[in-house]
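Everything on this sheet refers to the single structure shown next.
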Amino acid sequence: MRYSFLSILKNGLSGQSGWKPAWRDAAPKPAYDVVIVGGGGHGLATAFYLASEHGIRNVAVIEKGYIGSGNAGRNTTIIRSNYLLPGNEPFYEWSMKLWEGLEQAVNYNAMVSQRGVLNLYHSDAQRDAFARRGNSMRLAGADSELLDTEGVRAMYPFLDFDNARFPIRGGLLQRRGGTARHDAVVWGYARAADQLGVDIVQNCEVTGFLTEGDAIIGVETSRGPIRAGKVGLAVAGSSSRVAKHAGLRLPMESHVLQAFVSEGLKPMIDGVVTFGAGHFYISQSDKGGLVFGGDIDGYNSYAQRGNLPVVEDVAESGMALMPRIGRLRLLRMWGGVMDMSMDGSPIIDRTPRPGLYLNSGWCYGGFKATPASGWCFAHLLATDRDHATATAFKLDRFRTGHLIDEKGVGAQPNLH
Amino acid sequence: MSRLATGGLVDRARPLSFTFDGVSYSGLAGDTLASALLANDVRLVGRSFKYHRPRGILSAGPEEPNALVELRTGARREPNTRATVAELFDGLEASSQNRWPSLKLDALSVNGLVSPFLGAGFYYKTFMWPAGFWEKLYEPVIRRAAGLGHAAAEADPDHYEKANAFCDVLVIGAGPAGLMAALAAGRAGARVILADEDFLPGGRLNAEAVEIGGKAASDWAAGIVAELSSLPNVRIMTRTTVFGVYDDEYGAVERVGDHLPVPAPFQPRQRLWRIAAKRTVLAAGATERPIVFGGNDRPGVMLAGAARSYANRYGVAVGSTVAVFANNDGAWASAFDLAAAGVAVAAIIDIRREVAPSLMAQAKARDLRTILDGQVTGTAGRLVGGELTGISVRANGRNETLACDALAMSGGWSPNVHLTCHHRGRPVWDASIAAFVPGGTPPDMTVAGAARGTFALSGILTEGARLGAEAAGDLGFTAAALDLPATKDTPAAITAFWQVHGSKGPAFVDQQNDVTAKDVGIAHKEGFRSVEHLKRYTTLGMATDQGRTSNVAGLAIMAELSGAGIIETGTTIFRPPYTPVALGALGGHHRGKDFRPTRLTPTHGWAEERGAVFIETGPWLRAQYFPRPGESDWLETVNREVKAVRASVGLIDVSTFGKIDLQGPDAGTFLDRVYINGFAKLAVGKARYGVMLREDGIVMDDGTTARLADDHYVMTTTTANAGKVYQHLEFCLQVLWPELDVTLASISEQWAQIALAGPRSREVLAKIVDAPLDVSNEGLPFMGAVEATVMGGVAARIFRLSFSGELGYEIAVPARQGEALARALMAAGEAFGITPYGTEALGVLRIEKGHVSGNELSGQTTAGDLGLGRMASTKKDYIGRVLAARPGLADPDRPTFVGFRPVDGAQRLRAGAHFLPLGAPADLAHDEGYMTSVAFSPHLAQWIGLGLLKNGPARIGERVRAYDPVRGGDIEVEICSPAFIDPEGSRQRV
Amino acid sequence: MRIPCPYCGARDSAEFAYLGDATPTRPDPEAPDAQDAFHDYVYLRDNPAGAHAEWWYHAAGCRRWVKVERDTLTHVVSQAQFAGGAE
């Protein structure tokens with residue numbers, strides 16, 4: 001069923017009785033052309049683009065829990081394409097362009113809202129680094145503006161301009177950046193992929209791989225073996241665990257990132273603001289909650305929960321940036337498990353095992369990448385060639401030294 | 001007035017005045033805002049989130065979804081404050097929220113009329129046409145309508161602080177179980193912390209008219225509290241909510257001053273506690289659940305236990321005529337208490353066909369009407385404000401209406417398992433009490449009383465005493481058995497019941513987020529059946545009450561629809577915080593100038609005297625430049641400082657550099673392994689510039705290291721990397737090469753260091769060194785290092801180094817002598833016009849000289865990129881050597897360090913500009929590198945720059961575009977050597 | 001989280017800096033396959049969900065590197081010893 005004015009009206013008048021399941025709760029078939037492991041945003045987007053762009057519809061997305069139960073629903077919903085390095089920026093800008101047409105493409109309102117992402121700077125060196133980045137963005141066809149203190153003040157007059165330990169000197173603004181409703185992205189892709197024939201199989205955990213010599217020819221699951229022409233992994237947070245079944249060690253550590261939301265408030269922050277003197281980013285959801293976060297906790301973890309020091313650090317940065325929030329209350333906090341790669345950038349590539357493809361290493365920035373990650377992974381699965389915007393995301397780049405280290409902190413994932 | 005003539009734990013001698021929506025009322029000390037409003041017959045308190053329906057007070061505790069207010073005004077405004085836990089104080093001001101123009105007449109209540117269209121998932125299906133209208137039209141309207149209260153516009157004027165506490169046994173909750181647990185552990189001698197969110201310990205004992213040990217329960221509780229207070233090893237923390245269980249610590253917030261108009265002098269508003277406890281007894285009680293039926297959200301419909309609490313604890317009748325609707329025995333006790341307090345009870349309506357004969361007998365004795373096998377099918381209320389006026393009841397196939405202005409409902413009680421879930425423990429369903437009870441618990445936590453599903457008072461007391469004693473016993477304390485006081489248990493049978501089918505009007509599951517039973521049905525129809533999908537799709541349980549009164553019913557209704565049991569349907573787990581926590585409390589003092597510590601250099605006071613402008617450099621404040629009267633801007637000042645150094649002499653505090661002392665016979669070997677160049681053969685009395693890599697082959701840091709003795713070196717690091725390098729060296733030594741006999745010590749804080757630079761610097765230095773030190777070019781040649789004394793006996797280390805390219809020295813003295821050294825150098829240099837300079841001039845001098853610094857050491861550059869590749873030794877291994885040889889890092893095409901000057905000498909350069917070939921389009925394919933550092937060179941009278949350019953050194957003399965669209969820059973620059981001044985290095989060797 | 005430093009006792013994790021997996025050992029730089037071995041050493045991780053040996057540096061304490069055995073699913077620390085063994 002297509003969502004339209006008419007379908008809304010009809011159901012409004014009929015007591016909402018006519019809606020059908022957004023996607024079929026499929027049982028696994030014995031074989032598919034492509035099996036995508038992981039029913040998060042990336043996996044579902046991959047399936048959708050395989051079906052819509054490449055005509056490959058005999059596809060299953062298998063998910064160990066329910067779709068969207070991992071990081072797709074545990075992030076701060078920010079979308080942006082403000083990257084520095086040439087290996088990254090064209091990819092994220094492509095993602096931004098896909099966000100801009102997402103709702104029409106999947107007929108689902110994911111509330112993609114381009115209210116601007118503003119990164120504050122607090123020193124001359126930071127300004128120059130942001131200028132370098134803003135110029136990179138322009139070279140890649142993205143939008144960027146470098147604001148001075150007064151430019152920032154005009155947008156967010158309530159930030160602490162007068163008494164700050166690290167005064168706000170300006171900011172790098174991407175007006176096309178913003179937020180999207182994370183769960184709706186998952187559901188939108190799921191529904192659209194399902195309508196094109198993709199099977200979404202929930203409560204189906206991969207326990208191993210079917211092999212033929214070196215090649216991967218399917219997956220063993222908690223619901224039986226499933227053969228596949230190709231298997232794509234999109235299991236952020238669990239990549240090492242799943243890849244281990246195929247005998248692979250990855251350049252990856254799993255870390256917990258916490259995210260926070262306040263009680264609902266009348267509108268006070270229009271876009272996304274990031275603090276440059278600590279790790280802190282904040283926006284306000286359409287429901288009114290302030291959505292914010294900071295650093296990863298900093299130690300290997302699969303626990304999906306974090307600790308108090310980061311909670312305090314985030315609140316300290318929040319209070320330093322906008323001291324009017326002191327009496328607002330933190331409502332909920334949660335943790336997601338991140339694939340922290342060794343250079344802070346993702347991997348979309350073949351693996352040494354024929355038939356097995358890998359999409360991982362999104363660190364704490366995977367949400368914004370969802371559309372392009374799906375697009376490029378689908379392209380790779382369908383054509384066995386890298387998509388033009390994702391040529392740098394190689395698994396062997398650590399061997400060759402073609403690193404994509406935006407932060408310049410090296411092979412220490414907890415610092416990225 | 002609904003204040004009962006007698007009773008309650010309020011102080012009738014202490015009236016307090018307060019306002020709600022601008023109208024003045026009077027309450028009593030011991031009231032909450034909710035009890036005081038009810039005492040004044042104010043029953044309409046707020047508007048719901050989505051449909052703006054009129055709402056009243058549902059509960060008497062932290063589970064309140066409806067009675068949310070903006071408390072206080074101005075900079076202290078606190079939106080979304082639950083009136084049910086806000087302690088009344090004299091002068092309290094509160095306003096209703098999420099309504100316009102007024103609470104009674106809210107324009108957005110029209111949302112209710114179109115509610116048939118606004119069901120769960122509505123937003124996802126619409127507002128997509130035409131494309132692009134979302135941000136412009138739909139979303140702004142939705143954002144304005146959403147949200148609850150308003151944040152204060154100004155900075156929070158109050159203070160917050162953080163504190164740590166340690167105990168043997170932490171008892172969470174001071175109800176009957178918690179009091180017994182604390183008493184058992186406390187008498188055994190364990191260090192006990194008893195924390196309770198309420199301002200009055202006792203929990204439900206203050207709300208229920210029962211007897212313990214022959215006393216009123218609230219009196220018994222007060223007696224236990226008195227004994228606990230007398231024990232030196234027990235600390236009672238009221239107004240303290242333990243909100244989270246973390247690894248090895250609990251987070252708690254103490255509301256120190258929220259019950260006062262403003263915090264007391266020198267007191268914070270709230271205090272964040274991090275509590276490390278060896279054992280914990282969770283005695284957090286239980287929360288009553290509403291029943292889902294049409295119109296169950298009207299002001300006047302509330303939880304039965306809350307009605308009981310208002311009567312017994314606050315001496316307030318929640319209505320003149322109260323009906324009771326329940327599926328369990330506990331609600332009958334509420335009815336009896338209300339009747340005993342003199343409130344008219346219209347009827348007790350119970351969904352069960354049969355209840356315990358003792359209940360029927362008591363009802364009869366009190367002459368209360370009972371309706372068994374009955375259900376409330378609808379409510380009626382006032383046209384404006386919506387307050388309850390009556391209910392429809394269906395029983396034995398007959399419908400009737402009952403007039404009442406309050407309905408006390410009870411769908412049973414849910415144990416407060418929240419904290420047991422914080423380590424991802426999953427509660428389990430206990431059908432016998434129709435509730436979830438704790439599954440796994442965090443380490444070293446046990447659960448007592450209603451929180452674990454024990455509802456009989458005698459059982460609660462026994463369990464509390466036992467678990468308190470066990471916790472203490474585990475830790476080696478001997479607990480004597482407590483005498484358990486006599487109590488009489490009341491019946492507590494329940495029949496699971498969630499919603500009235502066929503009732504009239506929207507039946508709310510989650511009252512705050514306006515999620516109805518029908519919405520759960522839509523979610524079911526559309527396949528959002530897993531509990532997490534149900535929650536996310538409908539927003540059930542995501543409001544400020546975190547689903548306390550709604551999750552179980554929502555889940556049960558979904559289970560009914562899918563035909564699965566509750567166990568198969570699952571449950572969501574609770575995450576921290578237990579109740580919402582003020583961000584100010586979590587931030588503590590870390591705001592404004594105190595956000596992070598400020599480090600001052602040893603000469604800070606001296607620089608301040610000289611009028612320095614300071615700049616934040618990481619944790620440091622450093623002198624940026626020293627303006628003189630008459631100078632029009634910073635550039636004029638900096639130019640003067642730079643010229644003074646080149647022409648005569650200047651000084652700058654460089655104490656912020658990291659300084660590391662390395663001693664031991666293997667120190668040289670060790671340095672050889674961490675630097676790319678050699679140090680083992682460095683002569684004693686000499687210093688050398690070194691570059692160190694990370695193991696991945698990228699430059700980590702640079703600096704000079706001097707050899708003071710055969711087995712003694714001192715290293716300097718950059719300011720930014722001081723801590724990182726030290727940590728790295730300790731790793732190398734302790735983990736990689738423990739066989740090396742070297743000892744490291746960070747001496748950054750122990751030594752002040754001042755750089756003296758310029759052609760006259762030797763003459764200045766000569767005046768402060770003690771005889772017989774020879775500072776001539778022969779006595780202390782370039783890169784010489786010597787230990788000596790200065791200023792008449794002050795220990796010093798003198799290094800002949802140059803960052804500026806001029807003759808220069810760095811003089812280190814014990815940190816407390818730093819300021820004296822600055823003054824001595826100023827005095828000694830007076831004749832030469834010695835000039836203090838700041839970090840800006842330091843930057844200009846090094847850029848003129850072509851030295852790399854922080855902007856170039858970006859963590860992305862190799863030694864080769866920085867033109868330092870030739871320093872790398874080929875005769876030894878060192879950290880980073882192997883991986884630096886990877887093709888991607890050894891590629892000669894990588895952007896490499898060179899200098900730049902504008903072709904038009906009048907043009908300004910900007911760091912961050914990208915280089916493009918002349919005539920090429922501005923796109924990524926033509927990006928050839930970027931400008932890392934720029935400065936105005938007074939020496940060359942033009943802007944100069946350093947940067948990384950593809951194949952740079954081979955292209956000297958070529959021109960490229962410096963493209964800087966974010967600042968409107970696009971100019972032609974010429975590639976040149978990075979050494980703009982004295983490329984031969986003769987000036988530093990004189 | 002508290003880390004039981006063998007010298008200082010149980011201390012808040014905020015006093016420590018975390019490095020990561022303590023299992024890999026620095027390969028022989030002179031071996032013919034040194035570049036591959038260093039790649040594995042620097043970049044590849046078992047990244048287990050469960051028991052994990054890891055390096056914590058007691059930066060705000062005794063400045064010793066401590067090898068901690070910690071469960072990445074529960075965060076429970078089972079043992080801690082100095083680099084090179086207990087002292």
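By convention here, the chains of the structure tokens are called A, B, ... in the order presented, each chain's residues are numbered starting at 1, and ligands are numbered starting at 1 in the order presented.
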Checklist entry - If you run DSSP on this backbone, which residues of range 13-195 of chain A come out as strand (DSSP E), and could you give them as number ranges by chain? => result A: 31-37, 59-62, 78-79, 117-121, 145-148, 170-174, 178-179
Can those selected residues be exported to a file as a compact mmCIF listing (two decimals), in the first residue's frame so that it contains C-alpha atoms?
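Output (selection_2.txt):
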# COMPACT_ATOMS: atom_id res chain seq x y z
CA ALA A 31 18.55 -19.92 -0.99
CA TYR A 32 18.89 -16.35 -2.19
CA ASP A 33 21.00 -14.48 -4.69
CA VAL A 34 22.23 -12.25 -1.90
CA VAL A 35 21.95 -12.60 1.84
CA ILE A 36 22.57 -9.45 3.85
CA VAL A 37 23.45 -10.17 7.47
CA VAL A 59 17.49 -11.03 -1.41
CA ALA A 60 17.15 -11.73 2.29
CA VAL A 61 18.06 -9.46 5.16
CA ILE A 62 18.58 -11.59 8.22
CA ILE A 78 22.70 13.62 12.85
CA ILE A 79 23.22 13.81 9.11
CA VAL A 117 25.11 21.53 11.52
CA LEU A 118 27.41 24.03 13.19
CA ASN A 119 30.86 22.97 14.47
CA LEU A 120 32.26 25.58 16.83
CA TYR A 121 35.93 26.50 17.00
CA GLU A 145 30.44 28.38 5.55
CA LEU A 146 33.01 29.64 8.02
CA LEU A 147 31.41 31.88 10.61
CA ASP A 148 33.06 34.24 13.06
CA GLY A 170 33.35 30.99 15.29
CA GLY A 171 32.12 27.89 13.56
CA LEU A 172 31.96 25.82 10.42
CA LEU A 173 28.38 25.65 9.24
CA GLN A 174 26.85 23.16 6.87
CA GLY A 178 20.64 18.27 10.10
CA THR A 179 18.84 15.26 11.51
Please identify all residues of chain C having at least one atom at most 8 Å from any atom of chain B, considering only C-alpha atoms, and return them as a compact mmCIF listing (two decimals) with N, CA and C atoms, in the first residue's frame.
# COMPACT_ATOMS: atom_id res chain seq x y z
N MET C 1 33.70 2.53 36.80
CA MET C 1 34.52 1.34 36.77
C MET C 1 35.76 1.58 37.61
N ARG C 2 36.15 0.56 38.38
CA ARG C 2 37.36 0.72 39.18
C ARG C 2 38.38 -0.32 38.73
N ARG C 26 55.13 -7.09 20.05
CA ARG C 26 55.84 -6.42 18.95
C ARG C 26 56.73 -7.43 18.21
N PRO C 29 61.56 -6.79 14.13
CA PRO C 29 61.61 -5.84 13.02
C PRO C 29 62.56 -6.28 11.92
N ALA C 34 58.53 -8.72 8.15
CA ALA C 34 58.26 -7.77 9.24
C ALA C 34 57.08 -6.86 8.94
N GLN C 35 56.95 -6.43 7.69
CA GLN C 35 55.87 -5.48 7.41
C GLN C 35 54.50 -6.12 7.63
N PHE C 38 54.04 -6.56 11.40
CA PHE C 38 53.71 -5.29 12.07
C PHE C 38 52.29 -4.86 11.74
N HIS C 39 51.85 -5.13 10.51
CA HIS C 39 50.45 -4.83 10.16
C HIS C 39 49.51 -5.55 11.11
N VAL C 42 49.82 -4.07 14.72
CA VAL C 42 49.27 -2.73 14.95
C VAL C 42 47.76 -2.67 14.68
N TYR C 57 46.95 2.48 31.66
CA TYR C 57 48.10 3.23 32.17
C TYR C 57 47.64 4.10 33.33
N ALA C 59 47.85 6.89 34.77
CA ALA C 59 48.41 8.22 34.51
C ALA C 59 48.35 9.12 35.74
N ARG C 63 51.85 5.70 37.48
CA ARG C 63 52.43 5.75 36.13
C ARG C 63 52.93 4.39 35.66
N ARG C 64 52.28 3.36 36.13
CA ARG C 64 52.64 2.03 35.66
C ARG C 64 51.59 1.56 34.65
N TRP C 65 52.06 0.78 33.69
CA TRP C 65 51.15 0.12 32.76
C TRP C 65 50.65 -1.16 33.40
N THR C 74 30.48 -7.79 30.50
CA THR C 74 29.98 -7.39 31.82
C THR C 74 30.81 -6.28 32.45
N HIS C 75 31.99 -6.02 31.91
CA HIS C 75 32.93 -5.04 32.46
C HIS C 75 33.56 -5.49 33.77
N VAL C 76 33.34 -6.73 34.15
CA VAL C 76 33.90 -7.19 35.42
C VAL C 76 35.39 -7.47 35.25
N ALA C 83 52.89 -4.64 33.81
CA ALA C 83 53.59 -5.14 32.63
C ALA C 83 54.80 -5.93 33.10
N GLY C 84 55.01 -7.08 32.51
CA GLY C 84 56.15 -7.89 32.93
C GLY C 84 55.87 -8.72 34.17
Checklist entry - Got a sec to pull out which chain A residues are within 12 Å of chain C, counting only C-alpha atoms, and send them as a PyMOL selection string? => result chain A and resi 237-245+247-256+297-310+312-313+337-344+395-401+403+410-415
If you take only C-alpha atoms and a cut-off of 6 Å, which residues of chain A touch chain B, and what are their nearest atom pairs and distances in Å to one decimal, in chain and number order, as CSV?
residue,atom,partner,partner_atom,distance
A:Tyr3,CA,B:Lys125,CA,5.5
A:Gly12,CA,B:Phe117,CA,4.3
A:Lys20,CA,B:Glu526,CA,5.1
A:Pro21,CA,B:Glu526,CA,3.5
A:Ala22,CA,B:Glu526,CA,5.3
A:Tyr108,CA,B:Tyr124,CA,5.7
A:Asn109,CA,B:Tyr124,CA,4.4
A:Ser113,CA,B:Glu135,CA,5.8
A:Asp128,CA,B:Gly912,CA,5.0
A:Ala131,CA,B:Gly912,CA,4.9
A:Arg132,CA,B:Gly912,CA,3.8
A:Leu139,CA,B:Asp923,CA,4.3
A:Ala140,CA,B:Leu924,CA,5.6
A:Glu145,CA,B:Val966,CA,5.6
A:Leu146,CA,B:Val966,CA,5.6
A:Asn163,CA,B:Gly592,CA,5.3
A:Ala164,CA,B:Gly592,CA,4.7
A:Arg165,CA,B:Lys593,CA,4.2
A:Glu263,CA,B:Thr544,CA,5.8
A:Gly264,CA,B:Gly147,CA,4.6
A:Leu265,CA,B:Gly147,CA,4.1
A:Lys266,CA,B:Gly147,CA,4.5
A:Asp286,CA,B:Arg143,CA,5.1
A:Lys287,CA,B:Ala146,CA,5.3
A:Gly288,CA,B:Gly147,CA,4.2
A:Asn307,CA,B:Tyr246,CA,5.6
A:Glu312,CA,B:Leu586,CA,5.2
A:Ala315,CA,B:Gly587,CA,4.8
A:Glu316,CA,B:Gly587,CA,4.1
A:Met319,CA,B:Arg591,CA,5.6
A:Ala320,CA,B:Arg591,CA,4.4
A:Pro323,CA,B:Ala155,CA,4.6
A:Arg324,CA,B:Ala155,CA,3.9
A:Gly326,CA,B:Gly584,CA,3.9
A:Arg327,CA,B:Ala582,CA,5.3
A:Leu328,CA,B:Ala582,CA,5.4
A:Arg329,CA,B:Ala582,CA,4.1
A:Leu330,CA,B:Val581,CA,5.1
A:Leu331,CA,B:Pro580,CA,4.6
A:Thr400,CA,B:Gly888,CA,5.5
A:Gly401,CA,B:Gly888,CA,4.2
A:His402,CA,B:Gly888,CA,4.8
A:Gly408,CA,B:Gly859,CA,4.0
A:Val409,CA,B:Gly859,CA,5.7
Checklist entry - Near Ala180 in chain A, counting only C-alpha atoms, which residues have an atom at most 9 Å away, once you skip same-chain residues fewer than 4 positions from it, shown as a list in words? => result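 What passes the distance filter is Thr77, Ile78, Ile79, Trp99, Ala110, Met111, Val112, Ser113, Gln114, Ala184, Val185 and Lys368 of chain A.
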Checklist outcome for this item: Across C:Ala31, C:Ala37, C:Ala22, C:Ala51, the smallest distance to Phe82 in chain C, with only C-alpha atoms counted, is shown by C:Ala22
Would you mind writing down, as a short mmCIF file (atom, residue, chain, number, x, y, z; two decimals) with C-alpha atoms, in the first residue's frame, each residue of range 277-397 of chain B that DSSP on the backbone assigns to helix (DSSP H, G or I)?
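Okay, this is what ended up in states.cif:
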data_model
loop_
_atom_site.label_atom_id
_atom_site.label_comp_id
_atom_site.auth_asym_id
_atom_site.auth_seq_id
_atom_site.Cartn_x
_atom_site.Cartn_y
_atom_site.Cartn_z
CA ALA B 304 -6.09 4.23 44.28
CA GLY B 305 -2.88 4.17 46.29
CA ALA B 306 -2.39 7.84 45.49
CA ALA B 307 -5.85 8.71 46.78
CA ARG B 308 -4.94 6.80 49.93
CA SER B 309 -1.65 8.62 50.21
CA TYR B 310 -3.29 12.02 49.86
CA ALA B 311 -5.74 11.14 52.61
CA ASN B 312 -3.34 9.55 55.08
CA GLY B 330 -5.09 -3.52 47.76
CA ALA B 331 -7.49 -1.01 46.27
CA TRP B 332 -10.11 -2.13 48.81
CA ALA B 333 -7.80 -1.06 51.58
CA SER B 334 -7.58 2.32 49.86
CA ALA B 335 -11.36 2.53 49.88
CA PHE B 336 -11.46 1.64 53.57
CA ASP B 337 -8.84 4.23 54.43
CA LEU B 338 -10.73 6.89 52.47
CA ALA B 339 -13.94 6.02 54.21
CA ALA B 340 -12.18 6.09 57.55
CA PRO B 357 -14.99 -12.62 52.40
CA SER B 358 -13.03 -10.46 54.82
CA LEU B 359 -13.05 -7.61 52.31
CA MET B 360 -16.79 -7.94 51.76
CA ALA B 361 -17.29 -7.97 55.51
CA GLN B 362 -15.22 -4.84 56.00
CA ALA B 363 -17.06 -3.07 53.20
CA LYS B 364 -20.33 -4.04 54.77
CA ALA B 365 -19.19 -2.88 58.17
#
